[in-house]
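Text of run.csv (CSV, C-alpha atoms) as supplied:
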chain,number,residue,atom,x,y,z
A,1,MET,CA,14.3,-14.8,31.1
A,2,ARG,CA,17.8,-14.1,32.5
A,3,LYS,CA,19.5,-16.2,29.8
A,4,HIS,CA,18.6,-13.5,27.3
A,5,PHE,CA,19.1,-10.4,29.4
A,6,SER,CA,22.1,-8.1,28.9
A,7,ARG,CA,22.2,-5.1,31.3
A,8,SER,CA,24.5,-3.1,29.0
A,9,ALA,CA,22.2,-3.6,26.0
A,10,PHE,CA,19.2,-2.7,28.1
A,11,THR,CA,20.9,0.6,29.2
A,12,GLU,CA,21.8,1.4,25.6
A,13,GLY,CA,18.2,0.9,24.6
A,14,VAL,CA,17.1,3.3,27.3
A,15,ARG,CA,19.7,5.9,26.4
A,16,ASP,CA,18.9,5.8,22.6
A,17,MET,CA,15.2,6.2,23.4
A,18,LEU,CA,15.6,9.4,25.5
A,19,PRO,CA,15.3,11.8,22.5
A,20,ALA,CA,12.0,10.1,21.4
A,21,VAL,CA,10.7,10.5,25.0
A,22,VAL,CA,11.0,14.3,24.7
A,23,GLY,CA,8.6,14.2,21.7
A,24,MET,CA,6.3,11.6,23.2
A,25,PHE,CA,5.8,13.4,26.5
A,26,PRO,CA,3.5,16.2,25.1
A,27,PHE,CA,1.4,13.5,23.4
A,28,GLY,CA,1.0,11.7,26.7
A,29,ILE,CA,-0.1,15.0,28.3
A,30,VAL,CA,-2.6,15.5,25.5
A,31,CYS,CA,-3.9,11.9,26.1
A,32,GLY,CA,-4.4,12.7,29.8
A,33,VAL,CA,-6.1,16.0,29.2
A,34,GLY,CA,-8.2,14.5,26.4
A,35,ALA,CA,-9.4,11.6,28.6
A,36,ILE,CA,-10.4,13.9,31.4
A,37,SER,CA,-12.3,16.3,29.1
A,38,ALA,CA,-14.1,13.3,27.6
A,39,GLY,CA,-15.5,12.6,31.1
A,40,ALA,CA,-13.1,9.9,32.3
A,41,SER,CA,-12.2,9.8,36.0
A,42,PRO,CA,-8.5,10.4,36.8
A,43,LEU,CA,-8.1,6.6,37.5
A,44,ALA,CA,-9.8,5.7,34.2
A,45,ALA,CA,-7.7,8.3,32.3
A,46,LEU,CA,-4.5,6.7,33.7
A,47,ALA,CA,-5.8,3.2,33.0
A,48,MET,CA,-6.2,4.1,29.3
A,49,SER,CA,-2.4,4.7,29.2
A,50,LEU,CA,-1.6,1.7,31.4
A,51,ILE,CA,-3.8,-0.8,29.5
A,52,MET,CA,-4.3,0.6,26.0
A,53,PHE,CA,-0.8,2.0,25.7
A,54,SER,CA,-1.2,3.5,22.3
A,55,GLY,CA,-1.4,7.3,21.8
A,56,ALA,CA,-3.3,7.1,18.5
A,57,ALA,CA,-5.9,4.8,19.9
A,58,GLN,CA,-6.3,6.7,23.2
A,59,ILE,CA,-6.8,10.1,21.4
A,60,ILE,CA,-9.4,8.5,19.0
A,61,ALA,CA,-11.2,6.8,21.9
A,62,ALA,CA,-11.4,10.0,23.9
A,63,GLN,CA,-12.7,11.9,20.9
A,64,LEU,CA,-15.4,9.3,20.2
A,65,ILE,CA,-16.4,9.0,23.9
A,66,ALA,CA,-16.8,12.7,24.1
A,67,ALA,CA,-18.9,12.7,20.9
A,68,GLY,CA,-21.2,10.0,22.3
A,69,ALA,CA,-20.2,7.3,19.8
A,70,PRO,CA,-21.4,3.7,20.5
A,71,PHE,CA,-19.1,1.1,22.0
A,72,ALA,CA,-18.7,-0.9,18.8
A,73,VAL,CA,-17.7,2.2,16.8
A,74,ILE,CA,-15.1,3.2,19.3
A,75,VAL,CA,-13.5,-0.3,19.5
A,76,LEU,CA,-13.5,-0.7,15.7
A,77,SER,CA,-11.9,2.8,15.2
A,78,CYS,CA,-9.2,1.9,17.7
A,79,PHE,CA,-8.6,-1.4,16.0
A,80,VAL,CA,-8.1,0.2,12.6
A,81,VAL,CA,-5.3,2.5,14.0
A,82,SER,CA,-3.8,-0.5,15.7
A,83,LEU,CA,-3.6,-2.6,12.5
A,84,ARG,CA,0.0,-1.5,12.1
A,85,PHE,CA,0.9,-3.5,15.2
A,86,LEU,CA,0.1,-6.6,13.1
A,87,MET,CA,2.9,-5.7,10.7
A,88,TYR,CA,5.4,-4.9,13.4
A,89,SER,CA,4.5,-8.2,15.1
A,90,ALA,CA,5.1,-10.1,11.9
A,91,ALA,CA,8.3,-8.2,11.1
A,92,LEU,CA,9.7,-9.1,14.6
A,93,ALA,CA,8.5,-12.6,14.7
A,94,PRO,CA,11.3,-14.4,12.9
A,95,TYR,CA,13.9,-12.9,15.3
A,96,LEU,CA,12.0,-13.8,18.5
A,97,ARG,CA,11.6,-17.5,17.8
A,98,PRO,CA,14.4,-18.7,20.1
A,99,LEU,CA,13.1,-16.7,23.1
A,100,ASP,CA,10.7,-18.3,25.6
A,101,HIS,CA,7.1,-17.2,25.7
A,102,ARG,CA,7.6,-14.8,28.7
A,103,TRP,CA,10.1,-12.8,26.6
A,104,ARG,CA,7.7,-12.8,23.6
A,105,ASN,CA,4.7,-11.7,25.7
A,106,LEU,CA,6.7,-8.9,27.3
A,107,ILE,CA,8.1,-7.7,23.9
A,108,ALA,CA,4.6,-7.8,22.4
A,109,PHE,CA,3.2,-5.7,25.3
A,110,LEU,CA,5.9,-3.0,24.8
A,111,LEU,CA,5.6,-3.0,21.0
A,112,THR,CA,5.0,0.6,19.7
A,113,ASP,CA,6.0,2.6,16.7
A,114,GLN,CA,9.1,4.0,18.4
A,115,ALA,CA,10.3,0.8,20.1
A,116,PHE,CA,9.9,-1.2,16.8
A,117,ALA,CA,11.6,1.4,14.6
A,118,ALA,CA,14.5,1.9,17.0
A,119,ALA,CA,15.2,-1.8,17.6
A,120,ILE,CA,14.4,-3.5,14.3
A,121,HIS,CA,17.8,-2.7,12.8
A,122,LYS,CA,19.5,-4.2,15.9
A,123,PHE,CA,17.5,-7.5,15.4
A,124,ARG,CA,18.6,-7.5,11.7
A,125,ALA,CA,22.2,-6.6,12.3
A,126,ALA,CA,23.0,-8.6,15.4
A,127,ASP,CA,23.3,-12.3,15.5
A,128,ASP,CA,23.3,-12.0,19.2
A,129,LEU,CA,19.6,-12.1,20.2
A,130,LYS,CA,20.5,-11.4,23.9
A,131,GLN,CA,21.7,-8.0,22.9
A,132,SER,CA,18.9,-7.0,20.6
A,133,ALA,CA,16.1,-8.3,22.8
A,134,SER,CA,17.5,-6.5,25.8
A,135,TYR,CA,18.0,-3.4,23.7
A,136,PHE,CA,14.3,-3.5,22.7
A,137,LEU,CA,13.3,-4.1,26.3
A,138,GLY,CA,15.2,-1.0,27.5
A,139,GLY,CA,13.7,1.3,24.9
A,140,GLY,CA,10.2,-0.2,25.4
A,141,ALA,CA,10.3,0.0,29.2
A,142,VAL,CA,11.4,3.6,29.3
A,143,LEU,CA,8.7,4.6,26.8
A,144,TRP,CA,6.1,2.8,28.8
A,145,LEU,CA,7.2,4.4,32.1
A,146,MET,CA,7.4,7.9,30.6
A,147,TRP,CA,4.1,7.5,28.9
A,148,GLN,CA,2.4,6.8,32.3
A,149,LEU,CA,4.2,9.9,33.8
A,150,ALA,CA,3.2,12.1,30.9
A,151,THR,CA,-0.5,11.0,31.2
A,152,LEU,CA,-0.4,11.6,34.9
A,153,ALA,CA,1.0,15.1,34.3
A,154,GLY,CA,-1.8,15.8,31.9
A,155,ILE,CA,-4.4,14.5,34.4
A,156,LEU,CA,-3.1,16.4,37.4
A,157,LEU,CA,-1.6,19.6,35.8
A,158,GLY,CA,-3.4,20.0,32.5
A,159,SER,CA,-1.6,21.3,29.4
A,160,VAL,CA,1.6,22.3,31.1
A,161,ILE,CA,3.7,22.5,27.9
A,162,PRO,CA,2.9,25.6,25.8
A,163,PRO,CA,1.5,24.3,22.4
A,164,ALA,CA,3.6,27.0,20.6
A,165,TRP,CA,6.8,25.1,21.4
A,166,GLN,CA,5.5,22.3,19.1
A,167,LEU,CA,7.5,19.7,21.1
A,168,GLU,CA,5.4,17.0,19.6
A,169,PHE,CA,7.2,17.6,16.3
A,170,VAL,CA,10.1,15.7,17.9
A,171,VAL,CA,8.2,12.5,17.1
A,172,PRO,CA,8.2,12.8,13.3
A,173,LEU,CA,11.9,14.0,13.6
A,174,CYS,CA,12.8,10.9,15.5
A,175,PHE,CA,11.2,8.7,12.8
A,176,LEU,CA,13.0,10.7,10.2
A,177,SER,CA,16.3,10.1,11.8
A,178,LEU,CA,15.5,6.3,11.7
A,179,LEU,CA,14.2,6.5,8.2
A,180,ALA,CA,17.1,8.3,6.5
A,181,PRO,CA,19.7,5.6,7.2
A,182,LEU,CA,17.4,3.1,5.5
A,183,VAL,CA,17.8,4.8,2.1
A,184,ARG,CA,20.6,2.6,0.9
A,185,ASP,CA,19.2,0.9,-2.1
A,186,ARG,CA,16.7,1.5,-4.9
A,187,PRO,CA,13.9,-0.8,-3.8
A,188,THR,CA,13.8,1.1,-0.4
A,189,LEU,CA,13.6,4.4,-2.3
A,190,VAL,CA,10.7,2.9,-4.3
A,191,VAL,CA,9.0,1.9,-1.0
A,192,ILE,CA,9.4,5.4,0.5
A,193,ILE,CA,8.2,7.2,-2.6
A,194,ALA,CA,5.2,4.9,-3.0
A,195,ALA,CA,4.3,5.2,0.7
A,196,ALA,CA,4.7,9.0,0.7
A,197,VAL,CA,2.5,9.6,-2.4
A,198,SER,CA,-0.1,7.1,-1.1
A,199,ALA,CA,-0.2,8.8,2.3
A,200,ILE,CA,-0.9,12.2,0.7
A,201,ALA,CA,-3.4,10.9,-1.9
A,202,LEU,CA,-5.3,8.7,0.6
A,203,ASP,CA,-5.4,11.2,3.4
A,204,SER,CA,-9.2,11.8,3.2
A,205,MET,CA,-9.9,8.1,4.0
A,206,PRO,CA,-12.0,7.7,7.1
A,207,MET,CA,-10.7,6.3,10.5
A,208,ARG,CA,-7.1,7.1,9.5
A,209,LEU,CA,-7.1,4.1,7.2
A,210,SER,CA,-4.7,6.1,5.0
A,211,MET,CA,-1.7,5.2,7.2
A,212,ILE,CA,-2.0,1.5,7.0
A,213,CYS,CA,-3.0,1.6,3.3
A,214,ALA,CA,0.0,3.8,2.5
A,215,GLY,CA,2.2,1.4,4.4
A,216,LEU,CA,0.8,-1.6,2.5
A,217,LEU,CA,1.2,0.1,-0.9
A,218,GLY,CA,4.7,1.0,-0.1
A,219,ILE,CA,5.5,-2.6,0.9
A,220,GLY,CA,3.8,-3.9,-2.3
A,221,ALA,CA,5.9,-1.5,-4.4
A,222,GLY,CA,9.0,-2.6,-2.7
A,223,VAL,CA,8.3,-6.3,-3.4
A,224,ILE,CA,7.7,-5.5,-7.1
A,225,ALA,CA,10.9,-3.5,-7.2
A,226,ASP,CA,12.8,-6.4,-5.7
A,227,ARG,CA,11.2,-8.8,-8.2
A,228,ILE,CA,11.9,-6.8,-11.3
A,229,GLY,CA,15.4,-6.1,-10.1
A,230,VAL,CA,15.3,-2.3,-9.7
A,231,GLY,CA,18.8,-1.1,-8.9
A,232,ARG,CA,20.5,-4.3,-9.7
A,233,ASP,CA,23.4,-4.2,-12.1
B,1,MET,CA,-24.8,1.8,30.6
B,2,THR,CA,-23.3,4.9,32.3
B,3,LYS,CA,-20.5,6.9,30.8
B,4,SER,CA,-18.1,5.6,33.4
B,5,GLN,CA,-19.0,2.0,32.6
B,6,LEU,CA,-18.6,2.7,28.9
B,7,ILE,CA,-15.1,4.1,29.4
B,8,TRP,CA,-13.9,1.1,31.5
B,9,LEU,CA,-15.4,-1.3,28.9
B,10,VAL,CA,-13.6,0.6,26.1
B,11,ILE,CA,-10.3,0.5,28.1
B,12,PHE,CA,-10.4,-3.2,28.5
B,13,ALA,CA,-11.7,-4.0,25.1
B,14,VAL,CA,-9.2,-1.8,23.2
B,15,GLY,CA,-6.4,-3.0,25.6
B,16,ALA,CA,-7.2,-6.6,24.7
B,17,VAL,CA,-7.4,-5.8,20.9
B,18,ASN,CA,-4.1,-3.9,21.0
B,19,TYR,CA,-2.3,-6.6,22.9
B,20,ALA,CA,-3.7,-9.3,20.6
B,21,ALA,CA,-2.5,-7.3,17.5
B,22,ARG,CA,0.9,-6.9,19.1
B,23,LEU,CA,1.3,-10.5,20.0
B,24,SER,CA,-0.5,-12.0,16.9
B,25,PHE,CA,2.3,-12.9,14.5
B,26,ILE,CA,5.0,-13.1,17.2
B,27,ALA,CA,3.0,-16.0,18.7
B,28,PHE,CA,1.9,-17.4,15.3
B,29,PHE,CA,5.3,-17.7,13.8
B,30,ALA,CA,7.0,-18.8,17.1
B,31,ARG,CA,6.6,-22.4,15.9
B,32,ARG,CA,5.9,-22.1,12.2
B,33,GLU,CA,8.1,-21.3,9.2
B,34,MET,CA,7.3,-18.0,7.6
B,35,PRO,CA,6.4,-18.1,3.8
B,36,PRO,CA,9.4,-16.6,1.9
B,37,LEU,CA,7.3,-14.0,0.1
B,38,LEU,CA,6.0,-12.7,3.4
B,39,ALA,CA,9.5,-12.6,4.9
B,40,GLU,CA,10.6,-10.7,1.8
B,41,ALA,CA,7.7,-8.2,2.1
B,42,LEU,CA,8.2,-7.6,5.8
B,43,LYS,CA,11.7,-6.4,5.1
B,44,HIS,CA,10.1,-3.2,3.8
B,45,VAL,CA,7.9,-2.6,6.9
B,46,PRO,CA,10.2,-0.1,8.6
B,47,ALA,CA,10.7,2.2,5.5
B,48,ALA,CA,7.0,2.0,4.5
B,49,MET,CA,5.5,2.6,7.9
B,50,LEU,CA,8.0,5.3,9.0
B,51,THR,CA,7.2,7.1,5.7
B,52,ALA,CA,3.4,6.7,6.2
B,53,ILE,CA,3.7,8.2,9.7
B,54,VAL,CA,6.2,11.0,8.9
B,55,VAL,CA,4.9,12.4,5.6
B,56,PRO,CA,1.3,13.3,6.8
B,57,ALA,CA,2.8,14.9,10.0
B,58,VAL,CA,4.9,17.1,7.8
B,59,VAL,CA,3.0,18.1,4.7
B,60,PHE,CA,-0.4,18.9,6.2
B,61,ALA,CA,-0.7,22.3,7.7
B,62,ALA,CA,-4.1,21.4,9.2
B,63,PRO,CA,-6.2,18.3,8.8
B,64,GLY,CA,-6.9,17.9,5.1
B,65,LYS,CA,-5.0,21.0,4.1
B,66,LEU,CA,-2.0,20.1,2.0
B,67,ASP,CA,0.9,22.6,2.1
B,68,ILE,CA,4.0,21.7,0.2
B,69,GLY,CA,5.5,25.2,-0.1
B,70,PHE,CA,8.2,27.3,1.6
B,71,ALA,CA,5.6,28.8,4.0
B,72,ASN,CA,5.1,25.4,5.7
B,73,PRO,CA,7.6,25.5,8.7
B,74,LYS,CA,7.2,21.7,9.3
B,75,LEU,CA,8.2,20.9,5.8
B,76,ILE,CA,11.3,23.1,5.8
B,77,ALA,CA,12.3,21.7,9.2
B,78,ALA,CA,11.8,18.1,8.0
B,79,VAL,CA,13.9,18.7,4.9
B,80,ALA,CA,16.7,20.3,7.0
B,81,ALA,CA,16.5,17.4,9.5
B,82,GLY,CA,16.3,14.8,6.7
B,83,ILE,CA,19.6,16.1,5.2
B,84,VAL,CA,21.3,16.0,8.6
B,85,ALA,CA,20.0,12.5,9.2
B,86,TRP,CA,21.0,11.2,5.9
B,87,ARG,CA,24.5,12.6,6.0
B,88,GLY,CA,25.4,12.5,9.7
B,89,ARG,CA,23.1,9.8,11.0
B,90,ASN,CA,23.1,11.4,14.5
B,91,PRO,CA,19.6,11.4,15.9
B,92,LEU,CA,20.2,14.1,18.5
B,93,LEU,CA,21.6,16.5,15.9
B,94,THR,CA,18.8,15.7,13.5
B,95,ILE,CA,16.1,16.4,16.1
B,96,GLY,CA,18.0,19.6,17.3
B,97,ILE,CA,18.4,21.0,13.8
B,98,GLY,CA,14.8,20.1,13.0
B,99,MET,CA,13.3,21.9,16.0
B,100,VAL,CA,15.5,25.0,15.6
B,101,VAL,CA,14.6,25.3,12.0
B,102,LEU,CA,10.9,24.8,12.8
B,103,TRP,CA,11.0,27.6,15.4
B,104,LEU,CA,13.0,30.0,13.1
B,105,VAL,CA,10.8,29.5,10.1
B,106,GLN,CA,7.7,29.8,12.3
B,107,TYR,CA,9.1,33.1,13.7
B,108,VAL,CA,9.8,34.4,10.2
B,109,VAL,CA,6.5,33.3,8.6
B,110,GLY,CA,4.2,33.8,11.5
In structure tokens, how does this file's structure come out?
Amino acid sequence: MRKHFSRSAFTEGVRDMLPAVVGMFPFGIVCGVGAISAGASPLAALAMSLIMFSGAAQIIAAQLIAAGAPFAVIVLSCFVVSLRFLMYSAALAPYLRPLDHRWRNLIAFLLTDQAFAAAIHKFRAADDLKQSASYFLGGGAVLWLMWQLATLAGILLGSVIPPAWQLEFVVPLCFLSLLAPLVRDRPTLVVIIAAAVSAIALDSMPMRLSMICAGLLGIGAGVIADRIGVGRD
Amino acid sequence: MTKSQLIWLVIFAVGAVNYAARLSFIAFFARREMPPLLAEALKHVPAAMLTAIVVPAVVFAAPGKLDIGFANPKLIAAVAAGIVAWRGRNPLLTIGIGMVVLWLVQYVVG
């Protein structure tokens, strides 16, 4: 493990993730509050964050448990919102090959929307895997830790942040700040337009399938744009 | 099965499913070459998924209620933040401007 660890890159990963933590914290509180109101014990509510570690899946699980849904429906619904992890896993895979399995297992455990989006450009840009892997680990670790603290705050204190502040809007703003620099070439613009239109058009799909479908359609449009040479002189 | 048992079962089952999804291709392609078409497609994952997450969070005023007008504070805030992000590329400034615009528009509209 040590061979690929850089303390300075780890610290940089932590620091760059702090704005995202501000937006994620209210979500963690909602997950804690939601689990308790669905009938989970404080320990089980915390275990959801410790073990599931996915806000979208935790909120859906809590809603379905509260509604009395059967076990298979709950697990299937959570699996559908977690399908995007398959894509993140595949997108990271080529960069992680030189790492040993402990590194790969740890990175997989900490793989979230935020950690992936923040670190993928480092993996692409840097030929120094030690830097990018440590950067990912720093961002992933601070997210995991703060996610537990946020859930705990929700369990113990309830909804402490006034909803009118809309702090959770920081999350889409963070993603926006990562998305905007990607708009460098025409195929990427095609990807964004296709994914945006699909996300709106497919919104009524059940089990939040629209997210993964919009993502896949965006990727498909991008591949076609690459093939037919959109934006090439 | 009691409710408590169901909850613990869900926690471990979903935890296992999530970890399997996260590790899946990282483990699969650890020792195999990736097909070129797949590698080409995966290049677009960040732009596609970020868009698929951000757009619904911005254009829907309530679940299923599309609002792409000037009365939607989230849309105005996201456009302002998007311009800042695209020009300045400073995440903190992007988030700061986005939140201030959101609060201002909300105050004016609401």
Interface list for chain B, partner chain A, 7 Å threshold, only C-alpha atoms, as a VMD selection string: chain B and resid 4 7 to 8 10 to 11 13 to 15 17 to 19 21 to 26 29 to 30 41 to 42 44 to 57 64 78 82 85 to 86 89 91 to 92 94 to 95 98
Point-to-point distance in Å for atom CA of A:Val230 and atom CA of A:Ala126: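 We find that atom CA of A:Ala126 and atom CA of A:Val230 lie 27.0 Å from each other.
We find atom CA of B:Pro36 and atom CA of A:Ser134 to be spaced 27.2 Å apart.
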Top pick for closest residue to B:Gln106, considering B:Pro63, B:Ile76, B:Leu93, B:Val84 and counting only C-alpha atoms: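 Counting only C-alpha atoms, the residue closest to B:Gln106 is B:Ile76.
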Shell around B:Leu75 at 10 Å using all atoms listed in the file, local window under 6 positions removed, as a PDB file with C-alpha atoms, in the frame of the given file:
ATOM      1  CA  VAL B  55       4.900  12.400   5.600  1.00  0.00           C
ATOM      2  CA  ALA B  57       2.800  14.900  10.000  1.00  0.00           C
ATOM      3  CA  VAL B  58       4.900  17.100   7.800  1.00  0.00           C
ATOM      4  CA  VAL B  59       3.000  18.100   4.700  1.00  0.00           C
ATOM      5  CA  PHE B  60      -0.400  18.900   6.200  1.00  0.00           C
ATOM      6  CA  ALA B  61      -0.700  22.300   7.700  1.00  0.00           C
ATOM      7  CA  ASP B  67       0.900  22.600   2.100  1.00  0.00           C
ATOM      8  CA  ILE B  68       4.000  21.700   0.200  1.00  0.00           C
ATOM      9  CA  GLY B  69       5.500  25.200  -0.100  1.00  0.00           C
ATOM     10  CA  ALA B  81      16.500  17.400   9.500  1.00  0.00           C
ATOM     11  CA  GLY B  98      14.800  20.100  13.000  1.00  0.00           C
ATOM     12  CA  VAL B 101      14.600  25.300  12.000  1.00  0.00           C
ATOM     13  CA  LEU B 102      10.900  24.800  12.800  1.00  0.00           C
ATOM     14  CA  VAL B 105      10.800  29.500  10.100  1.00  0.00           C
TER      15      VAL B 105
END
One-decimal distance in Å that lies between atom CA of A:Phe136 and atom CA of A:Ser6: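 Atom-to-atom, atom CA of A:Ser6 to atom CA of A:Phe136, that is 11.0 Å.
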Produce the centre coordinates and the three edge lengths, each in Å to one decimal, of the box along x, y and z that contains all listed atoms of stretch 28-45 of chain B with 6 Å added on each side, as AutoDock Vina command-line options.
--center_x 6.8 --center_y -12.5 --center_z 8.6 --size_x 21.8 --size_y 31.8 --size_z 29.0
Would you fill out stretch 123-137 of chain A with N, CA and C atoms and return it as an mmCIF file, in the frame of the given file?
data_model
loop_
_atom_site.group_PDB
_atom_site.id
_atom_site.type_symbol
_atom_site.label_atom_id
_atom_site.label_comp_id
_atom_site.auth_asym_id
_atom_site.auth_seq_id
_atom_site.Cartn_x
_atom_site.Cartn_y
_atom_site.Cartn_z
ATOM 1 N N PHE A 123 17.887 -6.057 15.589
ATOM 2 C CA PHE A 123 17.500 -7.500 15.400
ATOM 3 C C PHE A 123 18.125 -7.978 14.085
ATOM 4 N N ARG A 124 18.087 -7.111 13.052
ATOM 5 C CA ARG A 124 18.600 -7.500 11.700
ATOM 6 C C ARG A 124 20.097 -7.654 11.719
ATOM 7 N N ALA A 125 20.758 -6.680 12.349
ATOM 8 C CA ALA A 125 22.200 -6.600 12.300
ATOM 9 C C ALA A 125 22.873 -7.641 13.180
ATOM 10 N N ALA A 126 22.343 -7.763 14.407
ATOM 11 C CA ALA A 126 23.000 -8.600 15.400
ATOM 12 C C ALA A 126 22.642 -10.031 15.288
ATOM 13 N N ASP A 127 23.626 -10.903 15.357
ATOM 14 C CA ASP A 127 23.300 -12.300 15.500
ATOM 15 C C ASP A 127 23.154 -12.708 16.924
ATOM 16 N N ASP A 128 23.397 -11.733 17.823
ATOM 17 C CA ASP A 128 23.300 -12.000 19.200
ATOM 18 C C ASP A 128 21.912 -11.514 19.735
ATOM 19 N N LEU A 129 20.985 -12.458 19.857
ATOM 20 C CA LEU A 129 19.600 -12.100 20.200
ATOM 21 C C LEU A 129 19.521 -11.522 21.619
ATOM 22 N N LYS A 130 20.449 -11.951 22.497
ATOM 23 C CA LYS A 130 20.500 -11.400 23.900
ATOM 24 C C LYS A 130 20.616 -9.904 23.832
ATOM 25 N N GLN A 131 21.516 -9.426 22.972
ATOM 26 C CA GLN A 131 21.700 -8.000 22.900
ATOM 27 C C GLN A 131 20.520 -7.269 22.321
ATOM 28 N N SER A 132 19.976 -7.747 21.192
ATOM 29 C CA SER A 132 18.900 -7.000 20.600
ATOM 30 C C SER A 132 17.603 -7.085 21.371
ATOM 31 N N ALA A 133 17.320 -8.231 21.993
ATOM 32 C CA ALA A 133 16.100 -8.300 22.800
ATOM 33 C C ALA A 133 16.192 -7.419 24.019
ATOM 34 N N SER A 134 17.364 -7.365 24.647
ATOM 35 C CA SER A 134 17.500 -6.500 25.800
ATOM 36 C C SER A 134 17.474 -5.028 25.413
ATOM 37 N N TYR A 135 18.018 -4.722 24.238
ATOM 38 C CA TYR A 135 18.000 -3.400 23.700
ATOM 39 C C TYR A 135 16.512 -2.926 23.516
ATOM 40 N N PHE A 136 15.717 -3.813 22.915
ATOM 41 C CA PHE A 136 14.300 -3.500 22.700
ATOM 42 C C PHE A 136 13.598 -3.306 24.057
ATOM 43 N N LEU A 137 13.903 -4.190 25.007
ATOM 44 C CA LEU A 137 13.300 -4.100 26.300
ATOM 45 C C LEU A 137 13.579 -2.785 27.003
#
